[in-house]
file my_file-v9.cif (mmCIF, C-alpha atoms and all ligand atoms)
data_structure
#
loop_
_atom_site.label_atom_id
_atom_site.label_comp_id
_atom_site.auth_asym_id
_atom_site.auth_seq_id
_atom_site.Cartn_x
_atom_site.Cartn_y
_atom_site.Cartn_z
CA MET A 1250 -110.76 14.55 -12.44
CA ARG A 1251 -113.39 11.86 -13.08
CA GLN A 1252 -114.82 9.96 -10.14
CA GLU A 1253 -113.47 6.39 -10.15
CA THR A 1254 -115.07 3.50 -8.37
CA ILE A 1255 -112.92 1.34 -6.09
CA GLY A 1256 -114.43 -1.74 -7.78
CA ASN A 1257 -112.91 -1.02 -11.16
CA ILE A 1258 -109.48 -0.38 -9.66
CA VAL A 1259 -109.68 -3.49 -7.45
CA GLY A 1260 -110.32 -5.67 -10.53
CA ASN A 1261 -107.29 -4.30 -12.40
CA ILE A 1262 -105.01 -4.58 -9.36
CA ARG A 1263 -106.06 -8.15 -8.63
CA ARG A 1264 -105.65 -9.24 -12.26
CA ARG A 1265 -102.16 -7.77 -12.58
CA LEU A 1266 -100.94 -8.99 -9.19
CA GLU A 1267 -102.14 -12.50 -9.98
CA ALA A 1268 -100.40 -12.46 -13.36
CA LEU A 1269 -97.12 -11.26 -11.81
CA ARG A 1270 -97.35 -13.82 -8.98
CA GLU A 1271 -97.00 -16.58 -11.61
CA MET A 1272 -93.73 -15.11 -12.94
CA THR A 1273 -91.47 -16.77 -10.41
CA ALA A 1274 -88.53 -19.16 -10.37
CA THR A 1275 -90.08 -21.02 -7.39
CA PRO A 1276 -93.70 -21.92 -8.30
CA GLY A 1277 -95.68 -22.92 -5.21
CA GLU A 1278 -92.96 -21.60 -2.89
CA GLY A 1279 -93.45 -17.85 -3.03
CA VAL A 1280 -92.21 -15.35 -5.57
CA THR A 1281 -88.55 -15.44 -6.57
CA ARG A 1282 -87.85 -12.93 -9.32
CA PHE A 1283 -84.20 -12.04 -9.40
CA PRO A 1284 -82.76 -9.42 -11.76
CA PHE A 1285 -81.67 -10.34 -15.30
CA THR A 1286 -83.47 -13.71 -15.31
CA GLU A 1287 -86.18 -15.24 -17.48
CA GLU A 1288 -88.79 -14.43 -14.80
CA ALA A 1289 -87.71 -10.78 -14.86
CA ARG A 1290 -87.97 -10.72 -18.64
CA GLN A 1291 -91.42 -12.31 -18.55
CA ALA A 1292 -92.70 -9.78 -15.99
CA SER A 1293 -91.12 -6.89 -17.91
CA GLU A 1294 -92.79 -7.94 -21.15
CA TYR A 1295 -96.12 -8.35 -19.38
CA LEU A 1296 -95.90 -4.85 -17.87
CA MET A 1297 -94.83 -3.36 -21.20
CA GLY A 1298 -97.97 -4.83 -22.77
CA GLU A 1299 -100.17 -3.35 -20.02
CA MET A 1300 -98.50 0.06 -20.36
CA ARG A 1301 -98.79 0.05 -24.15
CA ALA A 1302 -102.48 -0.85 -23.91
CA MET A 1303 -103.13 2.25 -21.83
CA GLY A 1304 -101.37 4.50 -24.36
CA LEU A 1305 -97.99 4.99 -22.70
CA ALA A 1306 -94.74 5.11 -24.69
CA VAL A 1307 -92.81 2.08 -23.42
CA ARG A 1308 -89.09 1.37 -23.06
CA LEU A 1309 -86.63 -0.80 -21.15
CA ASP A 1310 -84.20 1.67 -19.59
CA PRO A 1311 -80.42 1.01 -19.47
CA SER A 1312 -80.68 -0.44 -15.93
CA GLY A 1313 -83.37 -2.95 -16.94
CA SER A 1314 -86.34 -1.01 -15.52
CA VAL A 1315 -89.58 -0.96 -17.45
CA ILE A 1316 -90.81 2.59 -18.08
CA GLY A 1317 -94.09 3.82 -19.58
CA ARG A 1318 -94.14 7.53 -20.40
CA LEU A 1319 -96.91 10.03 -20.96
CA GLU A 1320 -95.40 13.10 -22.59
CA GLY A 1321 -96.38 16.35 -20.93
CA GLU A 1322 -96.16 19.94 -22.10
CA ARG A 1323 -92.69 20.02 -20.54
CA PRO A 1324 -90.04 17.26 -20.58
CA GLU A 1325 -89.48 17.42 -16.79
CA THR A 1326 -90.78 14.19 -15.33
CA VAL A 1327 -92.74 13.01 -12.33
CA MET A 1328 -91.88 9.33 -11.85
CA MET A 1329 -94.03 6.85 -9.94
CA GLY A 1330 -93.72 3.13 -9.35
CA SER A 1331 -91.86 0.51 -7.38
CA HIS A 1332 -89.73 -2.55 -8.06
CA LEU A 1333 -90.16 -5.62 -10.21
CA ASP A 1334 -87.68 -7.94 -8.50
CA SER A 1335 -88.28 -9.92 -5.31
CA VAL A 1336 -86.35 -11.66 -2.55
CA LEU A 1337 -85.89 -15.46 -2.50
CA HIS A 1338 -89.28 -17.09 -1.72
CA GLY A 1339 -90.83 -13.67 -1.19
CA GLY A 1340 -94.42 -12.54 -1.50
CA ALA A 1341 -96.53 -11.27 -4.38
CA TYR A 1342 -96.86 -7.70 -3.05
CA ASP A 1343 -93.43 -6.34 -2.14
CA GLY A 1344 -92.63 -4.19 -5.16
CA ALA A 1345 -95.34 -5.51 -7.47
CA ALA A 1346 -98.10 -3.81 -5.44
CA GLY A 1347 -96.51 -0.39 -5.99
CA VAL A 1348 -96.09 -1.03 -9.69
CA VAL A 1349 -99.73 -2.00 -10.22
CA CYS A 1350 -100.96 0.98 -8.14
CA ALA A 1351 -98.86 3.34 -10.27
CA LEU A 1352 -100.34 1.73 -13.39
CA GLU A 1353 -103.82 2.49 -12.07
CA ALA A 1354 -102.92 6.10 -11.27
CA ALA A 1355 -101.53 6.44 -14.81
CA ARG A 1356 -104.63 4.85 -16.33
CA MET A 1357 -106.83 7.35 -14.50
CA LEU A 1358 -104.60 10.22 -15.64
CA VAL A 1359 -104.75 9.06 -19.29
CA GLU A 1360 -108.52 8.52 -19.15
CA ASP A 1361 -109.02 12.01 -17.72
CA GLY A 1362 -107.63 13.26 -21.05
CA GLY A 1363 -105.60 16.34 -21.88
CA GLN A 1364 -101.86 16.78 -21.72
CA PRO A 1365 -100.32 17.15 -18.24
CA CYS A 1366 -97.98 20.12 -17.76
CA LEU A 1367 -95.15 17.79 -16.70
CA SER A 1368 -94.34 14.41 -18.22
CA VAL A 1369 -95.29 11.37 -16.16
CA GLU A 1370 -93.52 8.01 -16.08
CA VAL A 1371 -94.60 4.73 -14.53
CA ILE A 1372 -91.58 2.66 -13.57
CA ALA A 1373 -90.98 -0.93 -12.51
CA THR A 1374 -87.42 -0.71 -11.21
CA ASN A 1375 -84.86 -3.48 -11.33
CA ASP A 1376 -82.85 -5.09 -8.50
CA GLU A 1377 -84.16 -3.03 -5.62
CA GLU A 1378 -83.81 -5.96 -3.22
CA GLY A 1379 -80.20 -6.81 -3.96
CA SER A 1380 -80.96 -10.49 -3.30
CA ARG A 1381 -78.94 -11.81 -6.22
CA PHE A 1382 -75.82 -9.62 -6.07
CA ARG A 1383 -76.02 -8.51 -2.38
CA THR A 1384 -76.33 -4.88 -3.46
CA GLY A 1385 -79.77 -3.30 -3.93
CA LEU A 1386 -81.44 -0.03 -4.97
CA PHE A 1387 -79.88 -0.66 -8.39
CA SER A 1388 -82.03 1.21 -10.91
CA GLY A 1389 -82.20 4.46 -8.97
CA LYS A 1390 -78.45 4.48 -8.42
CA PHE A 1391 -77.82 3.60 -12.09
CA MET A 1392 -80.16 6.33 -13.30
CA LEU A 1393 -78.69 8.97 -11.01
CA GLY A 1394 -75.10 8.20 -12.03
CA GLN A 1395 -74.07 6.58 -8.73
CA LEU A 1396 -72.66 3.35 -10.23
CA SER A 1397 -69.72 2.88 -12.57
CA PRO A 1398 -69.05 0.00 -15.00
CA ASP A 1399 -66.24 -1.02 -12.62
CA ASP A 1400 -68.71 -1.31 -9.73
CA LEU A 1401 -70.76 -3.67 -11.92
CA LYS A 1402 -67.70 -5.83 -12.57
CA ARG A 1403 -66.96 -6.08 -8.83
CA GLN A 1404 -70.41 -7.32 -7.72
CA HIS A 1405 -71.08 -11.04 -8.19
CA ASP A 1406 -73.92 -13.46 -7.53
CA ALA A 1407 -73.53 -16.80 -5.73
CA ASP A 1408 -72.45 -18.45 -9.02
CA GLY A 1409 -69.72 -15.86 -9.59
CA VAL A 1410 -71.61 -14.03 -12.40
CA SER A 1411 -70.97 -10.28 -12.23
CA VAL A 1412 -73.70 -7.67 -12.63
CA TYR A 1413 -71.73 -6.56 -15.69
CA ASP A 1414 -71.94 -9.97 -17.37
CA ALA A 1415 -75.53 -10.60 -16.25
CA MET A 1416 -76.54 -7.31 -17.91
CA ARG A 1417 -74.78 -8.25 -21.14
CA GLN A 1418 -76.42 -11.68 -21.19
CA TYR A 1419 -79.76 -9.94 -20.69
CA GLY A 1420 -79.12 -7.72 -23.72
CA LEU A 1421 -78.24 -4.52 -21.84
CA ASP A 1422 -75.07 -2.44 -22.08
CA PRO A 1423 -73.40 -2.13 -18.64
CA GLU A 1424 -71.13 0.63 -19.97
CA ALA A 1425 -74.26 2.82 -19.95
CA ALA A 1426 -73.63 3.19 -16.20
CA ALA A 1427 -71.07 5.82 -17.23
CA SER A 1428 -73.74 7.87 -19.07
CA PRO A 1429 -74.83 11.19 -17.58
CA ALA A 1430 -77.39 11.02 -14.77
CA ARG A 1431 -81.02 11.78 -15.55
CA GLU A 1432 -81.56 15.46 -14.86
CA ASP A 1433 -85.23 15.62 -15.90
CA LEU A 1434 -86.71 14.01 -12.78
CA ARG A 1435 -88.77 16.40 -10.62
CA ALA A 1436 -90.40 13.99 -8.13
CA PHE A 1437 -90.59 10.28 -7.28
CA LEU A 1438 -93.77 8.75 -5.84
CA GLU A 1439 -94.02 5.16 -4.56
CA VAL A 1440 -96.84 3.05 -3.16
CA HIS A 1441 -95.62 0.09 -1.09
CA ILE A 1442 -96.92 -2.40 1.43
CA GLU A 1443 -95.89 -1.49 4.97
CA GLN A 1444 -94.15 -4.86 5.58
CA GLY A 1445 -94.70 -4.43 9.32
CA PRO A 1446 -97.62 -4.66 11.77
CA VAL A 1447 -98.29 -1.01 12.72
CA LEU A 1448 -101.01 0.16 10.30
CA GLU A 1449 -103.08 -3.00 10.70
CA ALA A 1450 -102.80 -2.91 14.50
CA GLU A 1451 -104.03 0.69 14.53
CA GLU A 1452 -106.80 -0.09 11.99
CA LEU A 1453 -105.43 2.48 9.53
CA GLN A 1454 -105.80 2.21 5.78
CA ILE A 1455 -102.92 4.40 4.62
CA GLY A 1456 -99.52 5.50 5.94
CA ALA A 1457 -97.65 8.57 4.69
CA VAL A 1458 -93.96 7.76 5.11
CA SER A 1459 -92.08 10.40 7.09
CA THR A 1460 -88.54 8.96 6.92
CA ILE A 1461 -86.96 5.93 5.27
CA VAL A 1462 -84.28 4.40 7.45
CA GLY A 1463 -80.67 4.54 6.38
CA ILE A 1464 -78.98 1.23 5.58
CA ARG A 1465 -75.32 0.30 5.76
CA ARG A 1466 -74.42 -3.19 4.62
CA ALA A 1467 -71.12 -5.02 4.63
CA ARG A 1468 -69.72 -8.48 3.95
CA VAL A 1469 -67.17 -9.73 6.44
CA VAL A 1470 -64.78 -12.63 5.88
CA ILE A 1471 -62.96 -14.16 8.86
CA GLY A 1472 -59.91 -16.25 8.09
CA GLY A 1473 -58.81 -19.00 10.45
CA ARG A 1474 -57.05 -22.34 10.01
CA ALA A 1475 -58.44 -25.84 9.43
CA ASP A 1476 -57.11 -28.26 12.07
CA HIS A 1477 -58.20 -31.34 13.98
CA VAL A 1478 -60.94 -30.42 16.49
CA GLY A 1479 -59.75 -32.96 19.05
CA THR A 1480 -56.01 -32.39 19.04
CA MET A 1481 -55.62 -28.61 18.65
CA PRO A 1482 -55.73 -26.98 22.13
CA MET A 1483 -58.15 -24.09 22.67
CA ASP A 1484 -55.37 -21.55 23.18
CA MET A 1485 -53.59 -22.54 19.94
CA ARG A 1486 -56.43 -22.88 17.45
CA GLN A 1487 -57.56 -20.28 14.90
CA ASP A 1488 -61.31 -20.80 14.80
CA ALA A 1489 -63.02 -18.54 12.25
CA LEU A 1490 -66.52 -19.47 13.44
CA GLU A 1491 -65.87 -18.82 17.12
CA THR A 1492 -64.45 -15.42 16.13
CA ALA A 1493 -67.50 -14.65 14.00
CA ALA A 1494 -69.86 -15.77 16.77
CA ARG A 1495 -68.20 -13.47 19.30
CA VAL A 1496 -68.42 -10.52 16.90
CA ILE A 1497 -72.01 -11.22 15.89
CA ALA A 1498 -73.21 -11.76 19.47
CA GLY A 1499 -72.59 -8.08 20.31
CA LEU A 1500 -74.43 -6.56 17.33
CA GLY A 1501 -77.98 -7.11 18.59
CA ASP A 1502 -77.37 -5.52 21.99
CA ALA A 1503 -75.62 -2.55 20.36
CA ALA A 1504 -78.68 -1.99 18.14
CA ARG A 1505 -81.06 -2.37 21.10
CA SER A 1506 -79.21 0.41 22.92
CA LEU A 1507 -80.09 2.91 20.15
CA PRO A 1508 -83.57 4.27 19.32
CA ASN A 1509 -85.09 2.80 16.11
CA ALA A 1510 -81.90 0.96 15.15
CA VAL A 1511 -81.63 -2.67 13.99
CA ALA A 1512 -78.77 -5.00 13.06
CA THR A 1513 -79.06 -8.30 11.21
CA VAL A 1514 -76.71 -11.02 10.03
CA GLY A 1515 -78.87 -12.63 7.35
CA ASN A 1516 -76.31 -14.69 5.50
CA LEU A 1517 -73.45 -16.78 6.87
CA THR A 1518 -71.31 -19.48 5.32
CA VAL A 1519 -68.81 -21.71 7.06
CA GLU A 1520 -65.92 -23.58 5.46
CA PRO A 1521 -65.20 -26.40 5.39
CA ASN A 1522 -68.45 -26.86 7.40
CA ILE A 1523 -67.47 -30.28 8.69
CA MET A 1524 -68.15 -31.50 12.23
CA ASN A 1525 -64.58 -32.43 13.13
CA ILE A 1526 -62.58 -29.72 11.34
CA ILE A 1527 -61.95 -26.31 12.91
CA PRO A 1528 -63.67 -23.72 10.67
CA SER A 1529 -61.09 -22.02 8.45
CA ARG A 1530 -63.27 -19.40 6.80
CA VAL A 1531 -66.55 -17.73 7.70
CA ALA A 1532 -68.26 -15.13 5.54
CA PHE A 1533 -71.28 -13.19 6.71
CA THR A 1534 -73.29 -10.12 5.80
CA VAL A 1535 -74.30 -7.39 8.24
CA ASP A 1536 -77.22 -5.04 7.64
CA PHE A 1537 -77.42 -1.98 9.94
CA ARG A 1538 -80.40 0.36 9.86
CA GLY A 1539 -81.50 3.45 11.74
CA VAL A 1540 -83.34 6.73 11.38
CA ARG A 1541 -80.25 8.69 12.42
CA ARG A 1542 -77.08 8.60 10.38
CA ALA A 1543 -74.97 8.81 13.55
CA ASP A 1544 -76.59 5.65 14.97
CA ILE A 1545 -75.85 3.67 11.82
CA ASP A 1546 -72.26 4.85 11.83
CA ALA A 1547 -71.92 4.03 15.54
CA GLN A 1548 -73.07 0.47 14.81
CA TYR A 1549 -70.62 0.18 11.93
CA GLY A 1550 -67.81 1.52 14.13
CA GLY A 1551 -68.76 -1.04 16.79
CA LEU A 1552 -68.48 -3.83 14.23
CA LEU A 1553 -64.99 -2.71 13.20
CA ALA A 1554 -63.87 -2.49 16.84
CA ALA A 1555 -65.24 -5.97 17.58
CA LEU A 1556 -63.49 -7.42 14.52
CA GLU A 1557 -60.16 -5.92 15.62
CA ARG A 1558 -60.60 -7.12 19.21
CA GLU A 1559 -61.85 -10.63 18.54
CA THR A 1560 -59.50 -11.50 15.68
CA ALA A 1561 -56.54 -10.43 17.87
CA LEU A 1562 -57.83 -12.58 20.71
CA MET A 1563 -58.63 -15.60 18.51
CA ARG A 1564 -55.49 -15.38 16.32
CA THR A 1565 -57.63 -15.00 13.19
CA ARG A 1566 -57.83 -12.41 10.36
CA TYR A 1567 -60.64 -10.44 8.78
CA SER A 1568 -61.53 -8.43 5.71
CA ILE A 1569 -64.61 -6.26 5.24
CA GLU A 1570 -66.28 -5.01 2.07
CA GLU A 1571 -68.95 -2.35 2.22
CA LEU A 1572 -71.93 -3.31 0.05
CA LEU A 1573 -74.35 -0.42 0.51
CA ASP A 1574 -74.41 2.93 2.27
CA ALA A 1575 -77.75 4.70 1.95
CA ALA A 1576 -78.44 7.57 4.35
CA PRO A 1577 -81.83 7.97 6.09
CA VAL A 1578 -84.03 10.15 3.89
CA ASP A 1579 -87.02 12.30 4.85
CA MET A 1580 -89.92 12.26 2.47
CA ARG A 1581 -90.88 15.77 1.27
CA PRO A 1582 -93.11 17.38 3.96
CA GLU A 1583 -95.35 19.11 1.38
CA LEU A 1584 -96.06 15.77 -0.30
CA ARG A 1585 -96.72 14.05 3.06
CA GLN A 1586 -99.25 16.76 3.82
CA ALA A 1587 -100.88 16.28 0.43
CA ILE A 1588 -101.20 12.51 1.08
CA LEU A 1589 -102.80 13.07 4.49
CA ALA A 1590 -105.14 15.73 3.03
CA SER A 1591 -106.23 13.33 0.26
CA CYS A 1592 -106.93 10.64 2.89
CA ALA A 1593 -108.96 13.11 4.97
CA ARG A 1594 -111.06 14.11 1.93
CA ARG A 1595 -111.68 10.50 1.00
CA GLY A 1596 -112.38 9.38 4.57
CA TYR A 1597 -109.38 7.02 4.85
CA ALA A 1598 -107.81 6.58 8.30
CA ALA A 1599 -104.14 7.55 7.93
CA ARG A 1600 -101.05 8.76 9.74
CA GLU A 1601 -97.35 9.32 9.19
CA ILE A 1602 -95.06 6.32 9.65
CA VAL A 1603 -91.32 5.56 9.51
CA SER A 1604 -90.23 2.98 6.93
CA GLY A 1605 -87.87 0.39 8.39
CA ALA A 1606 -87.49 -1.17 4.95
CA GLY A 1607 -85.31 0.27 2.24
CA HIS A 1608 -86.93 1.57 -0.94
CA ASP A 1609 -86.02 3.12 -4.27
CA ALA A 1610 -87.67 6.30 -2.93
CA GLN A 1611 -84.66 6.78 -0.65
CA VAL A 1612 -82.23 6.93 -3.56
CA PHE A 1613 -84.44 9.36 -5.47
CA GLY A 1614 -85.44 11.19 -2.27
CA ALA A 1615 -81.83 12.12 -1.57
CA ARG A 1616 -81.87 14.14 -4.81
CA ILE A 1617 -85.45 15.14 -5.62
CA PRO A 1618 -88.76 15.45 -3.73
CA ALA A 1619 -90.09 11.97 -2.95
CA ALA A 1620 -93.15 10.52 -1.25
CA MET A 1621 -94.29 7.06 -0.20
CA ILE A 1622 -97.82 5.81 0.43
CA PHE A 1623 -98.00 2.67 2.61
CA VAL A 1624 -100.84 0.16 2.84
CA PRO A 1625 -101.23 -2.30 5.76
CA SER A 1626 -99.62 -5.74 5.61
CA LYS A 1627 -101.68 -8.62 7.02
CA GLY A 1628 -100.08 -9.73 10.27
CA GLY A 1629 -97.11 -7.52 9.41
CA ARG A 1630 -95.73 -10.40 7.32
CA SER A 1631 -93.31 -9.69 4.46
CA HIS A 1632 -90.31 -11.18 2.66
CA CYS A 1633 -92.14 -14.52 2.89
CA PRO A 1634 -94.77 -16.30 0.76
CA GLU A 1635 -97.51 -15.41 3.32
CA GLU A 1636 -97.15 -11.68 2.58
CA GLU A 1637 -100.56 -10.14 1.82
CA SER A 1638 -102.35 -6.80 1.64
CA SER A 1639 -105.99 -6.12 0.85
CA VAL A 1640 -106.66 -5.16 -2.76
CA GLU A 1641 -109.21 -2.64 -1.48
CA ASP A 1642 -106.46 -0.88 0.49
CA LEU A 1643 -104.26 -0.97 -2.63
CA ALA A 1644 -107.11 0.57 -4.63
CA ARG A 1645 -107.36 3.34 -2.00
CA ALA A 1646 -103.61 3.91 -2.28
CA SER A 1647 -103.98 4.21 -6.09
CA LEU A 1648 -106.59 6.93 -5.61
CA VAL A 1649 -104.39 8.77 -3.11
CA LEU A 1650 -101.48 8.48 -5.56
CA ARG A 1651 -103.70 9.87 -8.33
CA ASP A 1652 -104.66 12.79 -6.03
CA LEU A 1653 -101.01 13.43 -5.16
CA LEU A 1654 -100.03 13.40 -8.82
CA ASN A 1655 -102.82 15.83 -9.58
CA ASP A 1656 -101.76 18.12 -6.74
CA ILE A 1657 -98.24 18.17 -8.20
CA LEU A 1658 -99.33 18.65 -11.82
CA GLU A 1659 -101.74 21.42 -10.89
CA GLY A 1660 -99.20 23.17 -8.65
CA ARG A 1661 -101.06 22.59 -5.36
CA ALA A 1662 -98.22 20.53 -3.87
CA ALA A 1663 -95.01 22.53 -4.04
CA LEU A 1664 -91.94 20.64 -5.24
C1 LIG A 1701 -85.74 -4.27 1.08
O1 LIG A 1701 -86.84 -4.78 1.12
C2 LIG A 1701 -85.00 -4.06 2.28
O2 LIG A 1701 -85.45 -3.24 3.11
O3 LIG A 1701 -84.00 -4.77 2.47
MN MN A 1702 -89.91 -3.47 -1.61
MN MN A 1703 -88.32 -6.13 -0.02
#
call {"tool": "encode", "arguments": {"input": "my_file-v9.cif", "output": "structure tokens"}}
result
Amino acid sequence: MRQETIGNIVGNIRRRLEALREMTATPGEGVTRFPFTEEARQASEYLMGEMRAMGLAVRLDPSGSVIGRLEGERPETVMMGSHLDSVLHGGAYDGAAGVVCALEAARMLVEDGGQPCLSVEVIATNDEEGSRFRTGLFSGKFMLGQLSPDDLKRQHDADGVSVYDAMRQYGLDPEAAASPAREDLRAFLEVHIEQGPVLEAEELQIGAVSTIVGIRRARVVIGGRADHVGTMPMDMRQDALETAARVIAGLGDAARSLPNAVATVGNLTVEPNIMNIIPSRVAFTVDFRGVRRADIDAQYGGLLAALERETALMRTRYSIEELLDAAPVDMRPELRQAILASCARRGYAAREIVSGAGHDAQVFGARIPAAMIFVPSKGGRSHCPEEESSVEDLARASLVLRDLLNDILEGRAAL
């Protein structure tokens, strides 16, 4: 392996992150790059050009991910990358940072010459965030055969466009979801910003993810009845918002009573949303996370019990639709060790860390060995325009990723 200077890597990372930052639907107000949009197409074409220039064989996969492949002696594949999409008014690093670090690791691999024993792919996955269709972790699930064409018809964006139709309009075939799962994948490696304050506070440069939290998401609709707010007595009204408020108020305390668990209602709509009409319909999302499956399920069970109790008390109705159920996933211990050993050799301060954010690595990690390399986030900020990480730290993460890849390809890190 040639010795690479941080300076060269920093330049490439900065250039690519700045280019991707401009590919947004909300210029000047953070990065908004939803799946199957013009911004997504622009970023995909840009990344394809960068991959082609470094000698990778490029394709858009059936889920809309961009993939650059270096053919090895064997077709089995080590995949590395992160996601191309963003949240609404997000930052320039969540997802994109992991893609550009994987590009650098691939560039170093190509420049080292020779054919690797396993094939290597760089991937920019599609719709990891789930911001448009309230789903998430899309490409991994699509690739591993966990979505059906019917699922894609059921999931809609705020304008009522289904994933199925959005894919067709984008030039992809949603029926490909029924194709056999990819069986060639041997490992998945992802660099990502931490998105929290821990590494920076401890003055660390790298985190080796131990476990990615499990996530269970649902959309709840409470049905009430629109009536006059002044004339309908309290014990006769059917107030959908008061019901929702009573249910939601208990979720935070339930999460606080469990170790490493969180609960969030991030989206809520009220109808008719008029000052002097009793709310007739409230829809909200709930996102439960935890490092233990049982804690997530206990939170979900608590939600169902509260819905039963409060709708009975308030004379309202409810329906609930589960949007995502991803179990907590441990990253492969051998790969975690290899990351920490690389950091020790290179003199980078590092430790293991739990990921409270969801990542594609959890979908892949449930099936094949997976590893994540975290870099500090300034002030712990993320999912906002202020999100930032140092390009020097990202360059370090690219070198650690290159080491990890080498350890795998040369059989030092057991899969
Ligand atoms: C993705 O960033 C998530 O954790 O929701
Ligand atoms: Mn992310
Ligand atoms: Mn995110």
call {"tool": "residues_near_ligand", "arguments": {"input": "my_file-v9.cif", "ligand": "ligand LIG 1701 (chain A)", "cutoff": "12 Å", "atoms": "all atoms listed in the file", "output": "MDAnalysis selection string"}}
result
chainID A and resid 1331:1337 1339:1340 1342:1344 1376:1380 1383:1387 1441:1445 1461:1466 1511:1513 1515 1535:1539 1573 1575 1604:1611 1631:1633
call {"tool": "residues_around", "arguments": {"input": "my_file-v9.cif", "residues": "range 1352-1360 of chain A", "least_positions_apart": "3", "cutoff": "10 Å", "atoms": "only C-alpha atoms", "output": "count of residues only"}}
result
45
call {"tool": "closest_residue", "arguments": {"input": "my_file-v9.cif", "among": "A:Val1327, A:Thr1254, A:Ala1292, A:Ser1428", "to": "Val1315 in chain A", "atoms": "all atoms listed in the file"}}
result
A:Ala1292
call {"tool": "axis_aligned_box", "arguments": {"input": "my_file-v9.cif", "around": "range 1352-1357 of chain A", "padding_each_side": "5 Å", "output": "lines of an AutoDock Vina configuration file"}}
result
center_x = -103.6
center_y = 4.5
center_z = -13.8
size_x = 16.5
size_y = 15.6
size_z = 15.1
call {"tool": "residues_around", "arguments": {"input": "my_file-v9.cif", "residues": "Arg1417 in chain A", "least_positions_apart": "6", "cutoff": "12 Å", "atoms": "all atoms listed in the file", "output": "list in words"}}
result
Phe1285, Thr1286, Pro1311, Ser1312, Gly1313, Pro1398, Leu1401, Lys1402, Val1410, Ser1411, Pro1423, Glu1424 and Ala1425 of chain A
call {"tool": "closest_residue", "arguments": {"input": "my_file-v9.cif", "among": "A:His1338, A:Arg1290, A:Arg1495, A:Arg1645", "to": "ligand MN 1703 (chain A)", "atoms": "only C-alpha atoms and all ligand atoms"}}
result
A:His1338
call {"tool": "closest_residue", "arguments": {"input": "my_file-v9.cif", "among": "A:Leu1393, A:Val1307, A:Ala1436, A:Ala1489", "to": "Glu1325 in chain A", "atoms": "all atoms listed in the file"}}
result
A:Ala1436
call {"tool": "residues_around", "arguments": {"input": "my_file-v9.cif", "residues": "Ala1620 in chain A", "least_positions_apart": "4", "cutoff": "10 Å", "atoms": "only C-alpha atoms", "output": "ChimeraX atom specification"}}
result
/A:1329,1436-1440,1457-1460,1579-1585,1587-1588,1610-1611,1613-1614,1650,1653
call {"tool": "closest_residue", "arguments": {"input": "my_file-v9.cif", "among": "A:Arg1564, A:Ala1498, A:Leu1664, A:Leu1448", "to": "Asp1484 in chain A", "atoms": "all atoms listed in the file"}}
result
A:Arg1564
call {"tool": "atom_distance", "arguments": {"input": "my_file-v9.cif", "atom1": "CA of Ser1388 in chain A", "atom2": "CA of Met1621 in chain A"}}
result
17.3 Å
